[in-house]
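Student: mmCIF, C-alpha atoms, saved as query_23.cif, coming up:
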```
data_final
loop_
_atom_site.label_atom_id
_atom_site.label_comp_id
_atom_site.auth_asym_id
_atom_site.auth_seq_id
_atom_site.Cartn_x
_atom_site.Cartn_y
_atom_site.Cartn_z
CA MET A 13 -191.65 -50.83 54.07
CA ASN A 14 -192.74 -49.29 57.36
CA LEU A 15 -191.84 -46.37 59.60
CA PHE A 16 -189.80 -48.50 62.00
CA ARG A 17 -187.52 -49.79 59.26
CA ILE A 18 -187.09 -46.36 57.69
CA THR A 19 -186.28 -44.82 61.07
CA ALA A 20 -183.83 -47.63 61.81
CA ASP A 21 -182.10 -47.17 58.46
CA VAL A 22 -181.89 -43.42 59.06
CA ALA A 23 -180.33 -44.04 62.49
CA HIS A 24 -177.80 -46.36 60.84
CA ALA A 25 -176.97 -43.78 58.18
CA VAL A 26 -176.62 -41.08 60.85
CA ALA A 27 -174.20 -43.31 62.79
CA ILE A 28 -172.01 -43.73 59.71
CA VAL A 29 -172.04 -40.00 58.94
CA ILE A 30 -171.20 -39.13 62.56
CA LEU A 31 -168.22 -41.49 62.50
CA LEU A 32 -166.90 -40.29 59.14
CA LEU A 33 -167.23 -36.62 60.12
CA LYS A 34 -165.57 -37.28 63.46
CA ILE A 35 -162.55 -38.87 61.82
CA TRP A 36 -162.31 -36.35 58.98
CA LYS A 37 -162.73 -33.17 61.05
CA SER A 38 -160.41 -34.25 63.86
CA ARG A 39 -157.98 -35.88 61.43
CA SER A 40 -157.84 -38.67 63.95
CA CYS A 41 -159.44 -42.06 64.59
CA GLU A 42 -158.58 -42.11 68.27
CA GLY A 43 -161.09 -44.09 70.30
CA ILE A 44 -162.45 -45.98 67.28
CA SER A 45 -161.89 -49.71 66.87
CA GLY A 46 -160.44 -50.46 63.46
CA ARG A 47 -161.22 -54.12 64.04
CA SER A 48 -164.92 -53.43 64.48
CA GLN A 49 -164.90 -51.36 61.31
CA ILE A 50 -163.29 -54.21 59.36
CA LEU A 51 -166.01 -56.54 60.64
CA PHE A 52 -168.72 -54.11 59.54
CA ALA A 53 -167.13 -53.83 56.09
CA ILE A 54 -167.09 -57.64 55.79
CA THR A 55 -170.69 -57.72 57.00
CA PHE A 56 -172.01 -55.35 54.34
CA PHE A 57 -169.89 -56.78 51.54
CA THR A 58 -171.17 -60.33 52.14
CA ARG A 59 -174.75 -59.19 52.76
CA TYR A 60 -175.07 -57.04 49.68
CA LEU A 61 -173.62 -59.37 47.07
CA ASP A 62 -177.09 -59.32 45.49
CA LEU A 63 -176.52 -55.66 44.70
CA PHE A 64 -174.86 -56.87 41.52
CA THR A 65 -177.49 -59.46 40.62
CA SER A 66 -180.91 -58.23 41.78
CA PHE A 67 -182.90 -55.01 41.94
CA TYR A 68 -185.63 -54.64 44.58
CA SER A 69 -186.23 -50.89 44.80
CA LEU A 70 -184.40 -47.59 44.49
CA TYR A 71 -184.54 -47.13 48.27
CA ASN A 72 -183.03 -50.57 48.85
CA THR A 73 -180.23 -49.97 46.35
CA VAL A 74 -179.37 -46.51 47.70
CA MET A 75 -179.16 -47.74 51.29
CA LYS A 76 -176.98 -50.70 50.29
CA VAL A 77 -174.57 -48.44 48.41
CA LEU A 78 -174.51 -45.97 51.32
CA PHE A 79 -173.70 -48.64 53.91
CA LEU A 80 -171.07 -50.26 51.71
CA ALA A 81 -169.41 -46.98 50.80
CA GLY A 82 -169.54 -45.75 54.39
CA SER A 83 -167.94 -48.87 55.84
CA ILE A 84 -165.25 -49.05 53.16
CA GLY A 85 -164.56 -45.32 53.55
CA THR A 86 -164.18 -45.69 57.31
CA VAL A 87 -161.74 -48.57 56.92
CA TYR A 88 -159.73 -46.51 54.44
CA LEU A 89 -159.54 -43.49 56.75
CA MET A 90 -158.54 -45.61 59.73
CA TRP A 91 -156.08 -48.01 58.15
CA VAL A 92 -154.58 -45.79 55.43
CA LYS A 93 -155.08 -42.02 55.62
CA PHE A 94 -155.01 -41.53 59.40
CA LYS A 95 -153.37 -44.80 60.45
CA ALA A 96 -150.81 -42.91 62.58
CA THR A 97 -153.63 -41.93 64.99
CA TYR A 98 -155.08 -45.43 65.27
CA ASP A 99 -154.77 -46.81 68.81
CA ARG A 100 -153.57 -50.35 68.08
CA ASN A 101 -152.44 -50.91 71.66
CA ASN A 102 -155.99 -50.85 73.00
CA ASP A 103 -157.72 -52.36 69.97
CA THR A 104 -156.64 -55.95 70.57
CA PHE A 105 -159.83 -58.03 70.45
CA ARG A 106 -159.22 -61.30 68.55
CA ILE A 107 -161.72 -60.95 65.69
CA GLU A 108 -161.10 -64.51 64.48
CA PHE A 109 -163.07 -65.58 67.55
CA LEU A 110 -166.05 -63.79 66.00
CA VAL A 111 -165.52 -64.51 62.30
CA ILE A 112 -164.88 -68.27 62.49
CA PRO A 113 -167.91 -69.11 64.69
CA SER A 114 -170.08 -66.91 62.43
CA ILE A 115 -168.91 -68.89 59.37
CA ILE A 116 -169.54 -72.24 61.07
CA LEU A 117 -172.96 -71.14 62.31
CA ALA A 118 -173.92 -69.86 58.86
CA LEU A 119 -172.99 -73.21 57.31
CA ILE A 120 -175.06 -75.11 59.87
CA ILE A 121 -178.07 -72.83 60.47
CA ASN A 122 -179.40 -71.08 57.36
CA HIS A 123 -182.60 -70.83 55.36
CA GLU A 124 -181.13 -72.57 52.31
CA PHE A 125 -177.71 -74.05 51.66
CA MET A 126 -176.81 -71.86 48.70
CA PHE A 127 -173.85 -69.49 48.38
CA MET A 128 -175.78 -66.21 48.45
CA GLU A 129 -177.99 -67.38 51.28
CA VAL A 130 -175.08 -68.61 53.38
CA MET A 131 -173.24 -65.32 52.81
CA TRP A 132 -176.32 -63.36 53.89
CA THR A 133 -176.71 -65.53 56.99
CA PHE A 134 -173.02 -65.15 57.82
CA SER A 135 -173.40 -61.35 57.62
CA ILE A 136 -176.33 -61.44 60.03
CA TYR A 137 -174.38 -63.46 62.60
CA LEU A 138 -171.25 -61.36 62.18
CA GLU A 139 -173.06 -58.03 62.50
CA ALA A 140 -174.56 -59.20 65.78
CA VAL A 141 -171.09 -59.32 67.36
CA ALA A 142 -169.12 -56.86 65.19
CA ILE A 143 -169.35 -54.14 67.83
CA MET A 144 -167.58 -56.26 70.45
CA PRO A 145 -164.04 -55.03 69.61
CA GLN A 146 -165.29 -51.45 70.00
CA LEU A 147 -166.92 -52.19 73.36
CA PHE A 148 -163.81 -54.08 74.46
CA MET A 149 -161.69 -51.08 73.50
CA LEU A 150 -163.93 -48.77 75.52
CA SER A 151 -163.61 -51.07 78.52
CA ARG A 152 -159.81 -50.86 78.27
CA THR A 153 -159.57 -47.10 77.85
CA GLY A 154 -162.32 -46.41 80.39
CA ASN A 155 -163.86 -43.50 78.50
CA ALA A 156 -165.11 -42.33 75.12
CA GLU A 157 -165.30 -39.01 73.34
CA THR A 158 -168.81 -37.59 73.25
CA ILE A 159 -168.95 -37.85 69.46
CA THR A 160 -167.91 -41.52 69.62
CA ALA A 161 -170.64 -42.12 72.19
CA HIS A 162 -173.19 -40.49 69.87
CA TYR A 163 -172.03 -42.80 67.07
CA LEU A 164 -172.51 -45.90 69.21
CA PHE A 165 -175.89 -44.70 70.46
CA ALA A 166 -177.13 -44.15 66.90
CA LEU A 167 -175.81 -47.57 65.88
CA GLY A 168 -177.50 -49.26 68.82
CA SER A 169 -180.74 -47.39 68.12
CA TYR A 170 -180.70 -48.77 64.59
CA ARG A 171 -180.74 -52.36 65.85
CA PHE A 172 -183.24 -51.59 68.61
CA LEU A 173 -185.68 -50.05 66.11
CA TYR A 174 -185.36 -53.10 63.88
CA ILE A 175 -186.93 -55.17 66.66
CA PHE A 176 -190.06 -53.03 66.33
CA ASN A 177 -189.84 -53.51 62.56
CA TRP A 178 -189.92 -57.29 63.00
CA VAL A 179 -192.82 -57.10 65.44
CA TYR A 180 -194.74 -54.88 63.02
CA ARG A 181 -194.08 -57.20 60.09
CA TYR A 182 -195.09 -60.24 62.13
CA TYR A 183 -198.51 -58.76 62.92
CA THR A 184 -199.15 -57.13 59.54
CA GLU A 185 -197.47 -59.57 57.14
CA SER A 186 -197.14 -62.76 59.22
CA PHE A 187 -193.42 -62.50 58.49
CA PHE A 188 -190.92 -63.94 60.94
CA ASP A 189 -187.22 -64.59 60.34
CA PRO A 190 -185.79 -66.36 63.41
CA ILE A 191 -182.19 -65.94 62.27
CA ALA A 192 -182.44 -62.17 61.89
CA VAL A 193 -184.56 -61.74 65.03
CA VAL A 194 -182.32 -63.76 67.36
CA ALA A 195 -179.15 -62.16 65.99
CA GLY A 196 -180.73 -58.70 66.30
CA ILE A 197 -181.72 -59.33 69.92
CA VAL A 198 -178.19 -60.51 70.73
CA GLN A 199 -176.77 -57.38 69.14
CA THR A 200 -179.18 -55.12 71.04
CA VAL A 201 -178.28 -56.81 74.33
CA LEU A 202 -174.60 -56.09 73.68
CA TYR A 203 -175.48 -52.39 73.48
CA ALA A 204 -177.57 -52.44 76.67
CA ASP A 205 -174.73 -51.61 79.06
CA PHE A 206 -173.50 -48.86 76.76
CA PHE A 207 -177.00 -47.35 76.57
CA TYR A 208 -176.99 -47.08 80.36
CA LEU A 209 -173.57 -45.42 80.39
CA TYR A 210 -174.63 -43.08 77.57
CA ILE A 211 -177.69 -41.88 79.48
CA THR A 212 -175.96 -41.55 82.85
CA ARG A 213 -172.71 -39.96 81.66
CA VAL A 214 -172.99 -38.26 78.28
CA ILE A 215 -176.45 -36.74 78.64
CA GLN A 216 -175.92 -35.74 82.27
CA SER A 217 -172.53 -34.18 81.48
CA ASN A 218 -174.18 -32.15 78.72
CA ARG A 219 -176.83 -30.92 81.15
CA GLN A 220 -174.20 -29.92 83.69
CA PHE A 221 -172.32 -28.03 80.97
CA GLU A 222 -175.48 -26.17 79.94
CA MET A 223 -176.25 -25.26 83.56
CA SER A 224 -172.74 -23.90 84.10
CA ALA A 225 -172.70 -21.95 80.83
#
```
Output the file's structure as structure tokens, nothing else.
Tutor:
Amino acid sequence: MNLFRITADVAHAVAIVILLLKIWKSRSCEGISGRSQILFAITFFTRYLDLFTSFYSLYNTVMKVLFLAGSIGTVYLMWVKFKATYDRNNDTFRIEFLVIPSIILALIINHEFMFMEVMWTFSIYLEAVAIMPQLFMLSRTGNAETITAHYLFALGSYRFLYIFNWVYRYYTESFFDPIAVVAGIVQTVLYADFFYLYITRVIQSNRQFEMSA
């Protein structure tokens, strides 16, 4: 355990809390991709199957439960409780184009051809591209609420910080997982354009608001 991983996990938890609070307080899931949230729920469910078979640490268990509960809760709010506010017309990315290749890749490239290992590998590949429906939705609508932008920034920060975690572990523990590293880099690259938009639009608009207040 190191500071980079803890900070990354905190950023991930913050992203989930931001999203849940946004939906609950506004009683609306406008601007959020339900398809991305389904992919995240699948990701955490398949990754944390060992939650029922193995115990590593209290921290590990708590974070797994938090991420699982958060993703399932988000799916429930979007597809059940506030489904009338869900923008299906703009959330049209074909997620089978992400799920099927992730399954095939996990069956071909994995550390060990065993069920739990293949499921973990599949979750790594799927998480790398799970945000694509959300980014596609943003490209169609042309804008995003500030709170949605904060959610995406926190989520992207989580993956970006994990790169530093892998670098740290490589130099201190000689640990290197090519599957996780490559998938993490791909995921971070997908956020790159959004990071630029976040800095140039959201932060600058906040500064302009403060100056005019």
Student: Pick out the closest residue to A:Glu42 from this set: A:Arg100, A:Arg181, A:Arg59, A:Lys76. Count only C-alpha atoms.
Tutor: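 Smallest separation from A:Glu42 among the options: A:Arg100.
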Student: Please write as a PDB file with C-alpha atoms, in the frame of the given file the full residue list that the PyMOL selection byres ((chain A and resi 62) around 12) yields on this file.
Tutor:
```pdb
ATOM      1  CA  PHE A  56    -172.010 -55.350  54.340  1.00  0.00           C
ATOM      2  CA  PHE A  57    -169.890 -56.780  51.540  1.00  0.00           C
ATOM      3  CA  THR A  58    -171.170 -60.330  52.140  1.00  0.00           C
ATOM      4  CA  ARG A  59    -174.750 -59.190  52.760  1.00  0.00           C
ATOM      5  CA  TYR A  60    -175.070 -57.040  49.680  1.00  0.00           C
ATOM      6  CA  LEU A  61    -173.620 -59.370  47.070  1.00  0.00           C
ATOM      7  CA  LEU A  63    -176.520 -55.660  44.700  1.00  0.00           C
ATOM      8  CA  PHE A  64    -174.860 -56.870  41.520  1.00  0.00           C
ATOM      9  CA  THR A  65    -177.490 -59.460  40.620  1.00  0.00           C
ATOM     10  CA  SER A  66    -180.910 -58.230  41.780  1.00  0.00           C
ATOM     11  CA  PHE A  67    -182.900 -55.010  41.940  1.00  0.00           C
ATOM     12  CA  TYR A  68    -185.630 -54.640  44.580  1.00  0.00           C
ATOM     13  CA  ASN A  72    -183.030 -50.570  48.850  1.00  0.00           C
ATOM     14  CA  THR A  73    -180.230 -49.970  46.350  1.00  0.00           C
ATOM     15  CA  LYS A  76    -176.980 -50.700  50.290  1.00  0.00           C
ATOM     16  CA  VAL A  77    -174.570 -48.440  48.410  1.00  0.00           C
ATOM     17  CA  PHE A 127    -173.850 -69.490  48.380  1.00  0.00           C
ATOM     18  CA  MET A 128    -175.780 -66.210  48.450  1.00  0.00           C
ATOM     19  CA  GLU A 129    -177.990 -67.380  51.280  1.00  0.00           C
ATOM     20  CA  MET A 131    -173.240 -65.320  52.810  1.00  0.00           C
ATOM     21  CA  TRP A 132    -176.320 -63.360  53.890  1.00  0.00           C
TER      22      TRP A 132
END
```
Student: Write out as a PDB file with C-alpha atoms, in the frame of the given file each polymer residue whose atoms come within 8 Å of A:Tyr174, counting all atoms listed in the file; drop sequence neighbours fewer than 5 positions from it.
Tutor:
```
ATOM      1  CA  PHE A  16    -189.800 -48.500  62.000  1.00  0.00           C
ATOM      2  CA  ARG A  17    -187.520 -49.790  59.260  1.00  0.00           C
ATOM      3  CA  ALA A  20    -183.830 -47.630  61.810  1.00  0.00           C
ATOM      4  CA  GLY A 196    -180.730 -58.700  66.300  1.00  0.00           C
TER       5      GLY A 196
END
```
Student: Of the candidates A:Val26, A:Ala140, A:Ala161, A:Ala96, which one gets nearest to A:Gly82 if we count all atoms listed in the file?
Tutor: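 Of the candidates, the smallest distance to A:Gly82 is held by A:Val26.
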Student: Counting only C-alpha atoms, I want the residues whose atoms come within 10 Å of (-161.9, -52.2, 70.7) in the file frame, returned as a VMD selection string.
Tutor: chain A and resid 43 to 49 99 to 106 143 to 153
Student: Mind pulling up the distance from atom CA of A:Val201 to atom CA of A:Ala166?
Tutor: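 About the pair atom CA of A:Ala166 and atom CA of A:Val201: they are 14.7 Å apart.
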Student: When distances are computed from only C-alpha atoms, which of A:Thr200, A:Leu173, A:Pro190, A:Ile35 shows the smallest separation from A:Tyr88?
Tutor: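 Counting only C-alpha atoms, the residue closest to A:Tyr88 is A:Ile35.
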Student: Would you compute the distance between atom CA of A:Leu31 and atom CA of A:Thr160? Give it in Å to one decimal.
Tutor: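 Between these atoms lies a distance of 7.1 Å.
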Student: Let me make sure I understand: among A:Asn14, A:Asn177, A:Ser40, A:Ser169, which one has the smallest atom-to-atom distance to A:Met90 if we use all atoms listed in the file?
Tutor: A:Ser40
Student: To verify the selection step, state as a list in words which residues the PyMOL selection byres ((chain A and resi 27) around 9) yields on this input.
Tutor: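 Taken on the displayed file, the PyMOL selection byres ((chain A and resi 27) around 9) yields the residues Val22, Ala23, His24, Ala25, Val26, Ile28, Val29, Ile30, Leu31, Leu32, His162, Tyr163, Leu164, Phe165, Ala166, Leu167 and Tyr170 of chain A.
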Student: Mind checking which residues fall within 9 Å of A:Ile84, counting all atoms listed in the file, ignoring those fewer than 2 positions away in the same chain, and posting them as a ChimeraX atom specification?
Tutor: /A:49-50,52-53,79-82,86-89
Student: When you draw a straight line from atom CA of A:Tyr180 to atom CA of A:Val74, how long is it in Å?
Tutor: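 For atom CA of A:Tyr180 relative to atom CA of A:Val74, the distance reads 23.3 Å.
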Student: Please expand the PyMOL selection byres ((chain A and resi 141) around 8) into the concrete residues it hits in this file, giving the result as a PyMOL selection string.
Tutor: chain A and resi 110+137-140+142-144+198-199+202
Student: Using only C-alpha atoms, pick whichever of A:Gly85, A:Leu78, A:Phe172, A:Thr19 has the shortest atom-to-atom distance to A:Leu33.
Tutor: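 Once distances to A:Leu33 are computed over only C-alpha atoms, the minimum belongs to A:Gly85.
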